[in-house]
Each structure stands twice: as C-alpha cells, then as structure tokens.
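S.K.: Sending over input_16.cif (mmCIF, C-alpha atoms).
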```cif
data_protein
loop_
_atom_site.label_atom_id
_atom_site.label_comp_id
_atom_site.auth_asym_id
_atom_site.auth_seq_id
_atom_site.Cartn_x
_atom_site.Cartn_y
_atom_site.Cartn_z
CA MET A 650 -22.60 -68.79 -78.16
CA PRO A 651 -22.43 -71.91 -75.94
CA ARG A 652 -25.67 -73.44 -74.80
CA PHE A 653 -26.57 -73.06 -71.14
CA PRO A 654 -26.01 -76.77 -70.23
CA SER A 655 -22.57 -76.60 -71.89
CA ALA A 656 -21.65 -73.52 -69.88
CA LEU A 657 -22.74 -75.28 -66.69
CA ALA A 658 -20.59 -78.27 -67.61
CA LEU A 659 -17.51 -76.04 -67.35
CA LEU A 660 -18.38 -75.48 -63.68
CA HIS A 661 -18.89 -79.15 -62.84
CA PRO A 662 -16.88 -79.96 -59.68
CA ARG A 663 -15.11 -82.94 -61.24
CA ARG A 664 -14.09 -80.93 -64.27
CA LEU A 665 -12.87 -78.04 -62.13
CA VAL A 666 -10.80 -80.35 -59.92
CA ALA A 667 -9.38 -82.18 -62.93
CA GLU A 668 -8.36 -78.90 -64.57
CA TRP A 669 -7.14 -76.84 -61.66
CA GLY A 670 -5.99 -79.64 -59.34
CA PRO A 671 -5.03 -78.68 -55.78
CA ALA A 672 -5.46 -74.96 -56.47
CA LEU A 673 -9.21 -75.17 -55.70
CA PRO A 674 -9.05 -76.77 -52.23
CA LEU A 675 -6.02 -74.64 -51.40
CA GLY A 676 -7.94 -71.53 -52.40
CA LEU A 677 -10.75 -72.52 -50.04
CA ALA A 678 -8.23 -73.19 -47.26
CA THR A 679 -6.56 -69.79 -47.69
CA VAL A 680 -9.91 -68.06 -47.17
CA VAL A 681 -11.47 -70.23 -44.47
CA GLY A 682 -8.29 -71.09 -42.53
CA PRO A 683 -7.48 -67.55 -41.30
CA LEU A 684 -11.12 -66.95 -40.32
CA LEU A 685 -11.17 -70.09 -38.19
CA GLY A 686 -7.71 -69.34 -36.86
CA VAL A 687 -8.55 -65.87 -35.60
CA SER A 688 -11.65 -67.28 -33.88
CA VAL A 689 -9.51 -69.83 -32.04
CA LEU A 690 -6.94 -67.19 -31.12
CA ALA A 691 -9.63 -64.90 -29.76
CA ALA A 692 -11.22 -67.70 -27.74
CA THR A 693 -7.88 -68.75 -26.20
CA SER A 694 -6.29 -65.31 -25.82
CA GLY A 695 -6.60 -65.49 -22.03
CA ILE A 696 -4.12 -68.37 -22.07
CA TRP A 697 -1.44 -67.43 -24.60
CA PHE A 698 -1.43 -63.62 -24.45
CA GLY A 699 -0.63 -63.47 -20.74
CA ALA A 700 2.19 -65.97 -21.26
CA LEU A 701 3.70 -63.82 -24.02
CA GLN A 702 3.28 -60.61 -22.06
CA SER A 703 5.08 -62.01 -19.03
CA GLN A 704 8.21 -62.82 -21.06
CA GLY A 705 9.04 -59.27 -22.09
CA SER A 706 11.60 -59.23 -24.91
CA GLY A 707 11.75 -63.03 -24.65
CA ALA A 708 8.41 -63.09 -26.45
CA ILE A 709 10.01 -61.82 -29.69
CA PRO A 710 11.17 -65.20 -31.08
CA TRP A 711 7.88 -66.84 -30.06
CA LEU A 712 5.81 -64.16 -31.77
CA LEU A 713 8.00 -64.24 -34.88
CA ALA A 714 7.81 -68.04 -35.12
CA ALA A 715 4.03 -68.06 -34.56
CA THR A 716 3.50 -65.38 -37.22
CA VAL A 717 5.65 -67.13 -39.81
CA LEU A 718 4.14 -70.57 -39.22
CA LEU A 719 0.48 -69.72 -38.63
CA ALA A 720 0.14 -66.96 -41.25
CA GLY A 721 2.40 -68.81 -43.69
CA LEU A 722 0.26 -71.94 -43.38
CA SER A 723 -2.97 -69.92 -43.80
CA LEU A 724 -4.02 -70.51 -40.20
CA MET A 725 -4.01 -66.90 -38.99
CA PRO A 726 -4.66 -63.46 -40.52
CA THR A 727 -1.63 -61.18 -40.39
CA HIS A 728 -3.54 -58.41 -38.62
CA ALA A 729 -3.63 -60.56 -35.48
CA ALA A 730 0.18 -60.62 -35.31
CA SER A 731 0.39 -56.87 -35.93
CA LEU A 732 -2.13 -56.12 -33.20
CA VAL A 733 -0.40 -58.34 -30.65
CA ALA A 734 3.03 -56.98 -31.57
CA GLY A 735 1.77 -53.41 -31.13
CA MET A 736 0.35 -54.21 -27.69
CA LEU A 737 3.54 -55.92 -26.51
CA PHE A 738 6.23 -53.70 -28.04
CA GLY A 739 4.59 -50.40 -28.95
CA TRP A 740 4.04 -48.89 -32.38
CA ALA A 741 7.61 -48.75 -33.71
CA GLY A 742 8.93 -52.01 -32.29
CA GLY A 743 5.66 -53.81 -32.94
CA SER A 744 5.53 -52.63 -36.55
CA LEU A 745 9.08 -53.82 -37.25
CA LEU A 746 8.48 -57.17 -35.57
CA ALA A 747 5.16 -57.75 -37.32
CA LEU A 748 6.60 -56.76 -40.70
CA CYS A 749 9.48 -59.23 -40.31
CA GLY A 750 7.09 -62.00 -39.29
CA THR A 751 4.71 -61.21 -42.14
CA LEU A 752 7.51 -61.30 -44.72
CA GLY A 753 8.62 -64.64 -43.30
CA ALA A 754 5.04 -65.90 -43.58
CA ALA A 755 4.86 -64.66 -47.18
CA LEU A 756 8.09 -66.50 -48.02
CA LEU A 757 6.84 -69.72 -46.41
CA GLY A 758 3.47 -69.43 -48.12
CA HIS A 759 5.02 -68.74 -51.53
CA ARG A 760 7.42 -71.70 -51.35
CA LEU A 761 4.87 -74.14 -49.94
CA LEU A 762 2.01 -73.18 -52.23
CA SER A 763 4.27 -73.16 -55.30
CA ALA A 764 5.26 -76.74 -54.51
CA LEU A 765 1.69 -77.87 -53.85
CA VAL A 766 0.10 -76.22 -56.89
CA GLY A 767 2.94 -77.08 -59.26
CA ARG A 768 2.31 -76.22 -62.90
CA ARG A 769 -1.38 -77.19 -62.90
CA VAL A 770 -2.66 -73.59 -63.06
CA LEU A 771 -0.17 -72.68 -65.80
CA GLU A 772 -1.23 -75.74 -67.80
CA ALA A 773 -4.86 -74.68 -67.45
CA LEU A 774 -3.96 -71.20 -68.70
CA GLU A 775 -2.04 -72.63 -71.66
CA ARG A 776 -5.27 -74.26 -72.85
CA ARG A 777 -6.71 -70.75 -73.10
CA PRO A 778 -4.42 -68.79 -75.44
CA ARG A 779 -5.76 -65.34 -74.53
CA ALA A 780 -5.47 -65.95 -70.79
CA ALA A 781 -1.97 -67.33 -71.32
CA ALA A 782 -1.01 -64.25 -73.33
CA VAL A 783 -2.21 -61.93 -70.55
CA HIS A 784 -0.29 -63.98 -67.98
CA GLN A 785 2.91 -63.80 -70.03
CA ALA A 786 2.45 -60.05 -70.47
CA LEU A 787 2.14 -59.66 -66.70
CA LEU A 788 5.32 -61.61 -66.05
CA GLY A 789 7.03 -59.63 -68.79
CA ARG A 790 6.62 -56.33 -66.96
CA GLY A 791 10.03 -56.79 -65.35
CA ALA A 792 10.96 -57.08 -61.68
CA LEU A 793 10.06 -53.47 -60.84
CA GLY A 794 6.69 -53.60 -62.58
CA LEU A 795 5.85 -56.92 -60.97
CA ALA A 796 6.83 -55.65 -57.53
CA GLY A 797 4.55 -52.64 -58.01
CA LEU A 798 1.64 -54.85 -59.01
CA VAL A 799 2.23 -57.14 -56.02
CA ALA A 800 2.29 -54.08 -53.74
CA LEU A 801 -1.07 -52.91 -55.11
CA LEU A 802 -2.54 -56.39 -54.61
CA ARG A 803 -1.31 -56.39 -51.00
CA LEU A 804 -2.85 -52.97 -50.39
CA SER A 805 -6.15 -53.97 -51.96
CA PRO A 806 -8.79 -55.70 -49.80
CA LEU A 807 -9.82 -57.83 -52.81
CA LEU A 808 -7.79 -60.82 -51.58
CA PRO A 809 -6.68 -61.69 -48.04
CA PHE A 810 -3.00 -62.29 -47.33
CA ALA A 811 -3.04 -66.09 -47.69
CA ALA A 812 -5.18 -66.06 -50.83
CA THR A 813 -2.83 -63.52 -52.43
CA ASN A 814 0.08 -65.85 -51.63
CA LEU A 815 -1.72 -68.61 -53.50
CA VAL A 816 -2.58 -66.49 -56.55
CA LEU A 817 0.98 -65.19 -56.89
CA ALA A 818 2.53 -68.60 -56.28
CA ALA A 819 0.24 -70.26 -58.83
CA ALA A 820 1.08 -67.53 -61.35
CA ARG A 821 4.77 -68.25 -60.78
CA VAL A 822 5.67 -64.68 -59.80
CA PRO A 823 9.43 -64.73 -59.08
CA LEU A 824 10.48 -64.57 -55.44
CA VAL A 825 12.34 -61.23 -55.45
CA PRO A 826 9.50 -59.05 -56.83
CA PHE A 827 7.07 -61.09 -54.73
CA LEU A 828 8.88 -60.25 -51.50
CA ALA A 829 9.69 -56.66 -52.48
CA GLY A 830 6.09 -55.93 -53.46
CA THR A 831 4.81 -57.68 -50.34
CA ALA A 832 7.03 -55.56 -48.08
CA LEU A 833 5.93 -52.35 -49.77
CA GLY A 834 2.24 -53.21 -49.90
CA ILE A 835 1.86 -54.76 -46.47
CA ALA A 836 3.81 -52.12 -44.53
CA PRO A 837 0.99 -49.51 -44.26
CA ARG A 838 -1.48 -52.06 -42.91
CA VAL A 839 1.05 -53.50 -40.46
CA CYS A 840 1.92 -50.04 -39.11
CA VAL A 841 -1.71 -48.94 -38.75
CA VAL A 842 -2.75 -52.14 -36.97
CA ALA A 843 0.32 -52.07 -34.69
CA LEU A 844 -0.55 -48.47 -33.82
CA ALA A 845 -4.08 -49.56 -32.94
CA GLY A 846 -2.65 -52.36 -30.80
CA SER A 847 -0.32 -50.01 -28.93
CA GLY A 848 -3.33 -48.08 -27.68
CA LEU A 849 -5.29 -51.08 -26.41
CA ALA A 850 -5.54 -51.96 -22.73
CA GLU A 851 -7.07 -55.37 -23.48
CA LEU A 852 -6.56 -57.61 -26.49
CA ASP A 853 -9.32 -57.26 -29.08
CA LEU A 854 -8.49 -58.98 -32.37
CA SER A 855 -11.24 -57.07 -34.16
CA SER A 856 -9.64 -53.66 -33.48
CA THR A 857 -8.08 -53.20 -36.92
CA SER A 858 -10.43 -50.88 -38.79
CA ASP A 859 -9.11 -47.52 -40.00
CA ARG A 860 -10.75 -45.19 -42.52
CA ARG A 861 -7.42 -44.09 -43.99
CA LEU A 862 -6.43 -47.71 -44.55
CA ALA A 863 -9.82 -48.47 -46.11
CA LEU A 864 -9.43 -45.49 -48.46
CA LEU A 865 -5.94 -46.62 -49.42
CA GLY A 866 -7.31 -50.09 -50.14
CA VAL A 867 -10.01 -48.67 -52.41
CA VAL A 868 -7.44 -46.65 -54.35
CA ALA A 869 -5.20 -49.72 -54.68
CA THR A 870 -8.13 -51.81 -55.91
CA VAL A 871 -8.99 -49.27 -58.60
CA LEU A 872 -5.35 -49.11 -59.72
CA VAL A 873 -5.02 -52.92 -59.84
CA LEU A 874 -8.18 -53.26 -61.92
CA ALA A 875 -7.07 -50.43 -64.22
CA VAL A 876 -3.63 -51.98 -64.80
CA LEU A 877 -5.03 -55.47 -65.44
CA THR A 878 -7.79 -54.17 -67.73
CA ARG A 879 -5.38 -52.05 -69.77
CA LEU A 880 -2.91 -54.90 -70.10
CA ALA A 881 -5.61 -57.38 -71.10
CA ARG A 882 -6.93 -55.01 -73.76
CA GLN A 883 -3.45 -54.50 -75.19
CA VAL A 884 -2.84 -58.24 -75.37
CA LEU A 885 -6.23 -58.97 -76.91
CA ARG A 886 -5.77 -56.23 -79.52
CA ARG A 887 -2.45 -57.74 -80.57
CA SER A 888 -3.95 -61.23 -80.80
CA ALA A 889 -7.08 -60.12 -82.68
#
```
Rewrite the structure of this file - the entire thing - as structure tokens.
M.R.:
Amino acid sequence: MPRFPSALALLHPRRLVAEWGPALPLGLATVVGPLLGVSVLAATSGIWFGALQSQGSGAIPWLLAATVLLAGLSLMPTHAASLVAGMLFGWAGGSLLALCGTLGAALLGHRLLSALVGRRVLEALERRPRAAAVHQALLGRGALGLAGLVALLRLSPLLPFAATNLVLAAARVPLVPFLAGTALGIAPRVCVVALAGSGLAELDLSSTSDRRLALLGVVATVLVLAVLTRLARQVLRRSA
C-alpha cells in the first residue's frame, strides 16, 4: 500500500505533464473551449444569425464550414449547430445538415488531436501493463464492436463531443469505426435538437433539453460502464 505522500506525488503537475504530455492541456481545452464558444455565440447571435437567415439556402456552406471548423477545433458545442440548422432549414433538412457538419467536425478533431497527442498516451499506458492489456482488448473487439462502443460513448453524457474526440484519438481508435460509431451515436441528439430548433421563433442556444434524450443518455452510460467493467475484469483475470 503506497504511503499518502507517494500517492500525492503521482498527481504532481510536473509529473502529470511529463507523463501525459499535451493530452492534459488539450483535455482542458476540449471541455472549456465549447463552453466559452457557446457563450460568445449567444452574445453575438444578433449579428451572425440574421446574416445567415437572410441568405436562405446560401447559408448551407457557411453553416457547414462553421460547424466543421468551430466544433472540430473544440470552440463550439455541436448542439448549437443543430439548433441553428433546425431553425433555418426545418427538422429534416436541419438534421441532415447538422449531422454532416458534425461528422466533418469529428473527422477534423480526430485527425488534429491524433497528431497533437501522438503516442504519448499509449506510452503512458504501456508503463502500466494492466491498463495496456485493457486497451489492447478494446481495440481487439473488431471494427463492428469498436463502432458500437463509440456510438454508446457518443450517446452518453459522460463526455462532451470534443472531449470524446480527444479520448478516442489518444486511444488510437481507427478512423472507420470512429466515424461509423459517431454517426450512429450522434444522430439521435442531432435530430432532437434540430426538432427543438425548428419550433423556435427566436434563437435560444439553451433550448436543447429533452427527457427522452436524457433517458437514452443514461441507458448508454450504463451500457458503456457495463462493457468496460466486464472487459477489464476478463483481462485482469487472464493476467492474474
């Protein structure tokens, strides 16, 4: 049993930065960035929303580009794009547009964060044999199993969109199951928020709550925890 000072030493900022590298500041950015971004968007909505609305279908490329860049760079939560798309293009058109933009943002986030994090997280895991074994078991589930796990993570409210991008990029989840699972997991939220947007007379970026979506998120969270716990137990039993 490690002594208390030794346990605290593991959490020393310098040691954490040395071990995990850019993953720590990037993790903070993926949580704080979207919160700040949505505040700025809400404060300036009187400027940019009217400009988008006046362009009709010409707003599509602008909204797509803004979603991909801002959400992909962890500067905007994806629900903002879904809400705006629903207001401008109705439920069906807004859902399709927001889903395309969100997938583009996921692709950008995955590629960028993979490059920035590099192998530092994997190297940290390799120094912990049990954690490395669990990680390898996760990646060994195959493309379909990985896509299902990614979908559950996207449905779960445990991690926001940008933070999930970082976790999956750092874990080196391959691109195909990453995108497939993202599309499957993010679609319900996109459709529900776009539906909420289609019924708004004035833009309100906080109008995204839905009990059905919250219930679905709770179920997804339970399933994610159950899958990870079962897998970890299997790996630890084999290594015991």
S.K.: Name all residues at most 12 Å from Leu712 in chain A (count only C-alpha atoms; drop same-chain ones fewer than 5 positions away) and give them as a PyMOL selection string.
M.R.: chain A and resi 697-698+700-702+704-707+717-720+727+729-735+737-738+743+746-751+753-754
S.K.: Would you work out the distance separating CA of Cys840 in chain A from CA of Ser703 in chain A, expressed in Å to one decimal?
M.R.: 23.6 Å
S.K.: Going by the chain IDs and residue numbers used in this file, which residues fall under the PyMOL selection byres ((chain A and resi 678) around 12)? Write them as a list in words.
M.R.: Pro671, Ala672, Leu673, Pro674, Leu675, Gly676, Leu677, Thr679, Val680, Val681, Gly682, Pro683, Leu684, Leu685, Gly686, Leu722, Ser723, Leu724, Met725, Leu762, Pro809, Ala811, Ala812, Asn814 and Leu815 of chain A
S.K.: Write a file of the just-selected residues containing C-alpha atoms, as a compact mmCIF listing (two decimals), keeping the file's coordinate frame.
M.R.:
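Contents of again15.txt, freshly written:
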```txt
# COMPACT_ATOMS: atom_id res chain seq x y z
CA PRO A 671 -5.03 -78.68 -55.78
CA ALA A 672 -5.46 -74.96 -56.47
CA LEU A 673 -9.21 -75.17 -55.70
CA PRO A 674 -9.05 -76.77 -52.23
CA LEU A 675 -6.02 -74.64 -51.40
CA GLY A 676 -7.94 -71.53 -52.40
CA LEU A 677 -10.75 -72.52 -50.04
CA THR A 679 -6.56 -69.79 -47.69
CA VAL A 680 -9.91 -68.06 -47.17
CA VAL A 681 -11.47 -70.23 -44.47
CA GLY A 682 -8.29 -71.09 -42.53
CA PRO A 683 -7.48 -67.55 -41.30
CA LEU A 684 -11.12 -66.95 -40.32
CA LEU A 685 -11.17 -70.09 -38.19
CA GLY A 686 -7.71 -69.34 -36.86
CA LEU A 722 0.26 -71.94 -43.38
CA SER A 723 -2.97 -69.92 -43.80
CA LEU A 724 -4.02 -70.51 -40.20
CA MET A 725 -4.01 -66.90 -38.99
CA LEU A 762 2.01 -73.18 -52.23
CA PRO A 809 -6.68 -61.69 -48.04
CA ALA A 811 -3.04 -66.09 -47.69
CA ALA A 812 -5.18 -66.06 -50.83
CA ASN A 814 0.08 -65.85 -51.63
CA LEU A 815 -1.72 -68.61 -53.50
```
S.K.: Hey, can you check how far CA of Ala741 in chain A sits from CA of Leu872 in chain A?
M.R.: 29.1 Å
S.K.: I need the residue nearest Leu752 in chain A from this list: A:Leu852, A:Val825, A:Ala881, A:Val842. Use only C-alpha atoms for the distance.
M.R.: A:Val825
S.K.: Report the distance between CA of Gly797 in chain A and CA of Val868 in chain A in Å, rounded to one decimal place.
M.R.: 13.9 Å
S.K.: Given the file shown, determine the residues that the PyMOL selection byres ((chain A and resi 807) around 10) selects; report them as a list in words.
M.R.: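 When the PyMOL selection byres ((chain A and resi 807) around 10) is applied to the shown file, the picked residues are Leu802, Arg803, Leu804, Ser805, Pro806, Leu808, Pro809, Phe810, Ala812, Thr813, Gly866, Val867, Ala869, Thr870 and Val873 of chain A.
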S.K.: Skipping near chain neighbours, those fewer than 3 positions away, what residues fall within 8 Å of range 787-791 of chain A using all atoms listed in the file, listed as a PyMOL selection string?
M.R.: chain A and resi 783-784+794-795+822+880
S.K.: With 12 Å as the cut-off and only C-alpha atoms counted, what is the closest atom pair between each nearby residue of range 773-860 of chain A and range 693-696 of chain A? Distances in Å to one decimal, ordered by chain and number, as JSON lines.
M.R.:
```
{"residue": "A:Glu851", "atom": "CA", "partner": "A:Gly695", "partner_atom": "CA", "distance": 10.2}
{"residue": "A:Leu852", "atom": "CA", "partner": "A:Ser694", "partner_atom": "CA", "distance": 7.7}
{"residue": "A:Asp853", "atom": "CA", "partner": "A:Ser694", "partner_atom": "CA", "distance": 9.2}
{"residue": "A:Leu854", "atom": "CA", "partner": "A:Ser694", "partner_atom": "CA", "distance": 9.4}
```
S.K.: On this file, the PyMOL selection byres ((chain A and resi 780) around 12) gives some set of residues; write that set as a ChimeraX atom specification.
M.R.: /A:770-779,781-787,820,877,880-882,884-885,888
S.K.: Find the smallest box with edges along x, y and z containing every listed atom of range 841-857 of chain A, then add 5 Å on each side and report centre and edge lengths in Å to one decimal, as lines of an AutoDock Vina configuration file.
M.R.:
```
center_x = -5.5
center_y = -53.5
center_z = -30.7
size_x = 21.6
size_y = 20.9
size_z = 26.0
```
S.K.: Rank nothing, just name the residue among A:Gly670, A:Trp711, A:Ile835, A:Gly739 nearest to Leu765 in chain A, using all atoms listed in the file.
M.R.: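 Among the listed residues, the smallest separation from Leu765 in chain A belongs to A:Gly670.
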